[in-house]
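Enquirer: Dropping a structure here in structure tokens format, bear with me for questions.
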Amino acid sequence: MIASERKPLEEILGYLDGEKKVFVVACDGCSTGTRSADPEAIAATVKELEANGKAVTGVARVEMVCNTGLSALMLMQHLAQVDEADSVLVFSCGDGIQSVASAVAKPVHPGTNSIYFGGFLGLWRSEAKCAECGNCMLDFTGGICPYTACSKSLLYGSCGGPKDGKCEVDASVPCGWMRIYDRLASLGKADRLKAIPPLRDFKKMLPVNERRRSSLYALEYVEAEPEAESKAG
Amino acid sequence: MSLREALATQDFTVTCEVAPPKGVDMKHVLDEAELLRGRVAGINVTDLQAAAMRVSSVATCSLLKQMGLEPILQMVCRDRNRIALQSDLLSAYVLGIRNVLCLTGDHTTLGDHPEAKPVFDLDSVSLLRAAQGLMDGKDLSGNDLEGKPEELFLGAIVTPGADPVEPQIYKLHSKVDAGARFIQTQAVYDVDSFARFMEKVQDVKVPILAGIVLLKSAGMARYMNANVAGVFVPDPLIKEMADAGKKDKEAKEKGEKAKNVAQKSIEIAARLISGLKPYCAGVHLMPLGWGHHVPAVLEASGV
């Protein structure tokens with residue numbers, strides 16, 4: 001799940017400055033879930049665009065715009081409308097906007113801002129609990145992640161900032177390290193905080209080769225650059 | 001005498017902090033540092049304190065060194081990643097700086113550029129470890145150094161008034177294990193609770209200097225109680241400051257000089273220092289703009 005919100009109209013009109021005709025792509029996945037691209041919102045946006053002198057040559061709704069292959073297929077069904085437009089305006093997450101940009105030889109404008117949500121993409125989460133750091137420290141910290149529970153993502157205990165058990169950044173948020181300490185203390189394992197674990201390896205947050213060889217990655221890149229990929233592989 | 005020698009040989013050691021300016025007019029900070037000559041064993045230079053952009057601690061420490069003073073470089077982890085932090089440690093060393101106080105740092109959102117990217121690639125413990133590694137001739141990736149900064153003298157902080165204090169104590173042990181050789185504390189206003197804290201950390205075998213922040217008004221004391229983590233100013237002290245404030249107001253109305261607040265602030269700090277003396281290796285003064293009162297504080301405290 002990637003949450004998004006529609007950009008202010010003035011910002012979108014700014015992108016369309018000097019253009020007359022625009023084709024609209026809207027996502028039927030997450031962005032519809034967060035009401036930034038559902039049919040009603042898109043109909044209202046189209047009206048606003050037309051009221052400001054922009055002609056909308058057509059609207060394509062795609063199940064998941066982030067699926068580059070699917071987006072390309074759907075856009076082919078609207079070939080004439082896309083051709084006629086000066087640009088394409090996309091209402092989806094940043095993934096989807098980039099999918100469309102890779103599929104059409106026209107300027108592509110974002111109609112939405114993706115909101116940081118953390119956690120696994122594609123799953124709805126009430127809290128961003130996993131940073132997908134590639135080296136899980138949950139054993140060390142009693143099952144509470146220091147990277148997501150602490151505003152500074154500290155790995156070696158609380159900073160000097162928490163007051164009354166709350167974070168210095170936001171007094172409505174409990175200090176992650178106080179939570180970790182309380183949890184470990186309740187397990188009788190507070191001594192664990194004496195350990196000094198290895199430093200976080202940010203390299204592990206880069207896409208791994210295995211993922212680069214996945215079918216989805218292949219769909220997007222191998223077809224485009226088969227030679228480059230076979231050399232890299 | 002270096003800070004290391006002072007801590008090893010003196011019964012009671014005093015350090016004091018100065019703050020670099022926002023802008024390039026260094027006169028005030030250098031005057032404040034000059035005032036401390038011969039009076040303190042080391043001068044901390046804060047590192048972008050309160051997450052506000054200013055002249056760097058390294059540059060200011062280097063100027064103090066050129067003046068023949070003993071700077072203590074404060075380093076926070078908010079603004080630089082492990083590459084830049086290690087580089088700054090080496091750079092400080094080649095400029096003659098030896099003492100480094102390693103801190104995590106306030107979050108960017110509390111400062112004057114709240115939109116900035118908070119880094120926190122390292123934190124106080126891992127920065128100490130990085131510095132200790134450099135002293136041993138290796139960077140964090142295990143690469144060999146050409147010339148080791150062997151004489152670095154590393155320090156860290158602790159908040160004795162934190163509630164609960166146990167996580168602070170665990171982290172204090174981690175800091176000493178990682179290489180801290182001296183400790184400066186957050187502001188202390190209550191001798192008894194500090195004495196209880198010192199009992200809990202008696203197995204920490206490095207000198208601990210109690211933090212003294214000059215009270216500037218009753219309002220400041222109340223503000224700290226409400227907003228600053230781990231700092232508690234007892235009511236009697238607030239009342240003393242408030243009474244002094246009233247006297248100053250009356251004096252001003254009569255057209256006389258208003259000196260009561262400053263005198264009271266000096267008196268309270270001096271009283272705290274002599275009260276804390278039996279329990280710690282020294283004190284660390286944080287005058288927060290009142291550096292010109294530090295000589296009077298030290299004189300009144302009798303240390």
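How things are named: the first chain in the structure tokens is A, the next is B, and so on; residues count from 1 in each chain; ligands count from 1 in the order shown.
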Dump as a tab-separated table the rows for residues of chain A within 6 Å of chain B: closest atom pair and distance in Å with one decimal, only C-alpha atoms counted, ordered by chain and rising residue number.

Expert:
```
residue	atom	partner	partner_atom	distance
A:Gly161	CA	B:Ala229	CA	5.6
A:Pro162	CA	B:Ala229	CA	5.9
A:Lys163	CA	B:Ala229	CA	4.6
A:Lys194	CA	B:Ser174	CA	5.9
```

Enquirer: Could you give me, as number ranges by chain, each residue of range 76-173 of chain A that DSSP assigns to strand (DSSP E) when run on this structure's backbone?

Expert: A: 87-91, 108-110, 112-115

Enquirer: Write out, as a PDB file, in the first residue's frame, the residues just selected, with N, CA and C atoms.

Expert:
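Once everything was written out, this is result_5.pdb:
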```pdb
ATOM      1  N   SER A  87       0.670  15.967 -23.065  1.00  0.00           N
ATOM      2  CA  SER A  87       1.351  15.315 -21.938  1.00  0.00           C
ATOM      3  C   SER A  87       0.390  14.356 -21.253  1.00  0.00           C
ATOM      4  N   VAL A  88       0.918  13.598 -20.292  1.00  0.00           N
ATOM      5  CA  VAL A  88       0.104  12.653 -19.526  1.00  0.00           C
ATOM      6  C   VAL A  88       0.183  13.048 -18.056  1.00  0.00           C
ATOM      7  N   LEU A  89      -0.972  13.097 -17.423  1.00  0.00           N
ATOM      8  CA  LEU A  89      -1.050  13.464 -16.006  1.00  0.00           C
ATOM      9  C   LEU A  89      -1.471  12.218 -15.231  1.00  0.00           C
ATOM     10  N   VAL A  90      -0.632  11.819 -14.263  1.00  0.00           N
ATOM     11  CA  VAL A  90      -0.849  10.529 -13.608  1.00  0.00           C
ATOM     12  C   VAL A  90      -1.233  10.715 -12.142  1.00  0.00           C
ATOM     13  N   PHE A  91      -2.302  10.015 -11.751  1.00  0.00           N
ATOM     14  CA  PHE A  91      -2.732  10.016 -10.352  1.00  0.00           C
ATOM     15  C   PHE A  91      -2.498   8.626  -9.785  1.00  0.00           C
ATOM     16  N   VAL A 108       5.412  13.413 -18.701  1.00  0.00           N
ATOM     17  CA  VAL A 108       4.479  12.834 -17.731  1.00  0.00           C
ATOM     18  C   VAL A 108       4.528  13.665 -16.451  1.00  0.00           C
ATOM     19  N   HIS A 109       3.345  14.105 -15.992  1.00  0.00           N
ATOM     20  CA  HIS A 109       3.280  14.950 -14.796  1.00  0.00           C
ATOM     21  C   HIS A 109       2.647  14.184 -13.641  1.00  0.00           C
ATOM     22  N   PRO A 110       3.167  14.368 -12.439  1.00  0.00           N
ATOM     23  CA  PRO A 110       2.522  13.762 -11.271  1.00  0.00           C
ATOM     24  C   PRO A 110       1.312  14.582 -10.845  1.00  0.00           C
ATOM     25  N   THR A 112      -0.214  13.605  -7.997  1.00  0.00           N
ATOM     26  CA  THR A 112      -0.326  13.258  -6.578  1.00  0.00           C
ATOM     27  C   THR A 112       1.035  13.330  -5.896  1.00  0.00           C
ATOM     28  N   ASN A 113       1.013  13.448  -4.602  1.00  0.00           N
ATOM     29  CA  ASN A 113       2.202  13.265  -3.778  1.00  0.00           C
ATOM     30  C   ASN A 113       2.071  11.938  -3.053  1.00  0.00           C
ATOM     31  N   SER A 114       3.106  11.114  -3.091  1.00  0.00           N
ATOM     32  CA  SER A 114       3.097   9.882  -2.296  1.00  0.00           C
ATOM     33  C   SER A 114       3.506  10.242  -0.885  1.00  0.00           C
ATOM     34  N   ILE A 115       2.774   9.716   0.063  1.00  0.00           N
ATOM     35  CA  ILE A 115       3.042  10.044   1.468  1.00  0.00           C
ATOM     36  C   ILE A 115       3.858   8.916   2.063  1.00  0.00           C
TER      37      ILE A 115
END
```

Enquirer: Apply DSSP to the structure's backbone, then extract all residues of range 29-264 of chain B labelled alpha helix (DSSP H) and return them as a PyMOL selection string.

Expert: chain B and resi 29-35+57-66+82-94+124-135+166-178+191-200+218-227+235-253+260-264

Enquirer: Can I get the selection written as a CSV table (one decimal), in the first residue's frame, with C-alpha atoms?

Expert:
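Saved the output as again_28.csv:
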```csv
chain,number,residue,atom,x,y,z
B,29,VAL,CA,33.2,33.7,21.7
B,30,LEU,CA,37.0,34.3,21.7
B,31,ASP,CA,36.6,37.0,24.5
B,32,GLU,CA,34.6,34.5,26.6
B,33,ALA,CA,37.2,31.8,26.0
B,34,GLU,CA,40.0,34.3,26.9
B,35,LEU,CA,38.2,35.0,30.2
B,57,SER,CA,33.1,23.5,16.6
B,58,VAL,CA,36.3,22.3,14.8
B,59,ALA,CA,37.0,25.8,13.4
B,60,THR,CA,36.4,27.4,16.8
B,61,CYS,CA,38.5,24.8,18.7
B,62,SER,CA,41.3,25.4,16.2
B,63,LEU,CA,41.2,29.2,17.0
B,64,LEU,CA,41.3,28.4,20.8
B,65,LYS,CA,44.2,26.1,20.2
B,66,GLN,CA,46.1,28.9,18.4
B,82,ARG,CA,30.3,8.1,9.3
B,83,ILE,CA,32.6,9.3,6.5
B,84,ALA,CA,32.4,13.0,7.5
B,85,LEU,CA,32.5,12.3,11.2
B,86,GLN,CA,35.7,10.2,11.0
B,87,SER,CA,37.2,12.8,8.6
B,88,ASP,CA,36.5,15.6,11.0
B,89,LEU,CA,38.1,13.6,13.8
B,90,LEU,CA,41.3,13.3,11.8
B,91,SER,CA,41.0,16.9,10.7
B,92,ALA,CA,40.6,18.1,14.3
B,93,TYR,CA,43.6,16.1,15.3
B,94,VAL,CA,45.9,17.6,12.6
B,124,SER,CA,27.2,8.8,20.7
B,125,VAL,CA,28.3,5.2,21.3
B,126,SER,CA,29.3,4.3,17.8
B,127,LEU,CA,31.1,7.7,17.3
B,128,LEU,CA,33.2,6.8,20.4
B,129,ARG,CA,33.9,3.4,18.9
B,130,ALA,CA,34.8,5.0,15.6
B,131,ALA,CA,37.2,7.4,17.3
B,132,GLN,CA,38.7,4.6,19.4
B,133,GLY,CA,39.2,2.7,16.2
B,134,LEU,CA,41.0,5.6,14.5
B,135,MET,CA,43.3,5.8,17.6
B,166,GLU,CA,18.6,2.9,34.3
B,167,PRO,CA,18.7,3.1,30.4
B,168,GLN,CA,21.1,6.1,30.9
B,169,ILE,CA,23.3,4.0,33.1
B,170,TYR,CA,23.4,1.1,30.6
B,171,LYS,CA,24.3,3.6,27.9
B,172,LEU,CA,26.9,5.2,30.1
B,173,HIS,CA,28.6,1.8,30.5
B,174,SER,CA,28.4,1.3,26.7
B,175,LYS,CA,30.1,4.7,26.3
B,176,VAL,CA,32.9,3.9,28.6
B,177,ASP,CA,33.4,0.5,27.0
B,178,ALA,CA,33.5,2.2,23.6
B,191,VAL,CA,22.9,17.6,45.3
B,192,ASP,CA,21.1,14.8,47.0
B,193,SER,CA,19.7,13.2,43.9
B,194,PHE,CA,23.1,13.6,42.2
B,195,ALA,CA,24.8,11.8,45.1
B,196,ARG,CA,22.3,8.9,44.7
B,197,PHE,CA,23.1,8.8,41.0
B,198,MET,CA,26.8,8.7,41.7
B,199,GLU,CA,26.2,5.8,44.0
B,200,LYS,CA,24.5,3.9,41.2
B,218,ALA,CA,12.8,31.9,37.6
B,219,GLY,CA,11.0,31.7,34.2
B,220,MET,CA,14.0,29.9,32.7
B,221,ALA,CA,14.0,27.4,35.6
B,222,ARG,CA,10.3,26.7,35.1
B,223,TYR,CA,10.8,26.4,31.3
B,224,MET,CA,13.6,23.8,31.8
B,225,ASN,CA,11.4,21.9,34.3
B,226,ALA,CA,8.6,21.7,31.7
B,227,ASN,CA,10.7,21.2,28.6
B,235,ASP,CA,11.1,24.9,43.9
B,236,PRO,CA,13.3,26.7,46.6
B,237,LEU,CA,15.8,27.6,43.9
B,238,ILE,CA,13.0,28.9,41.6
B,239,LYS,CA,11.7,31.0,44.5
B,240,GLU,CA,15.2,32.5,45.2
B,241,MET,CA,15.4,33.5,41.6
B,242,ALA,CA,11.9,34.9,41.6
B,243,ASP,CA,12.6,37.0,44.7
B,244,ALA,CA,15.8,38.3,43.1
B,245,GLY,CA,13.8,39.2,40.0
B,246,LYS,CA,11.3,41.2,42.1
B,247,LYS,CA,14.1,43.1,43.7
B,248,ASP,CA,15.6,43.9,40.3
B,249,LYS,CA,12.2,45.2,39.1
B,250,GLU,CA,12.0,47.5,42.1
B,251,ALA,CA,15.5,48.7,41.6
B,252,LYS,CA,14.8,49.5,38.0
B,253,GLU,CA,11.7,51.4,39.0
B,260,ASN,CA,20.2,40.9,42.1
B,261,VAL,CA,19.3,38.2,39.6
B,262,ALA,CA,22.9,37.9,38.4
B,263,GLN,CA,24.2,37.8,41.9
B,264,LYS,CA,21.7,35.2,42.9
```
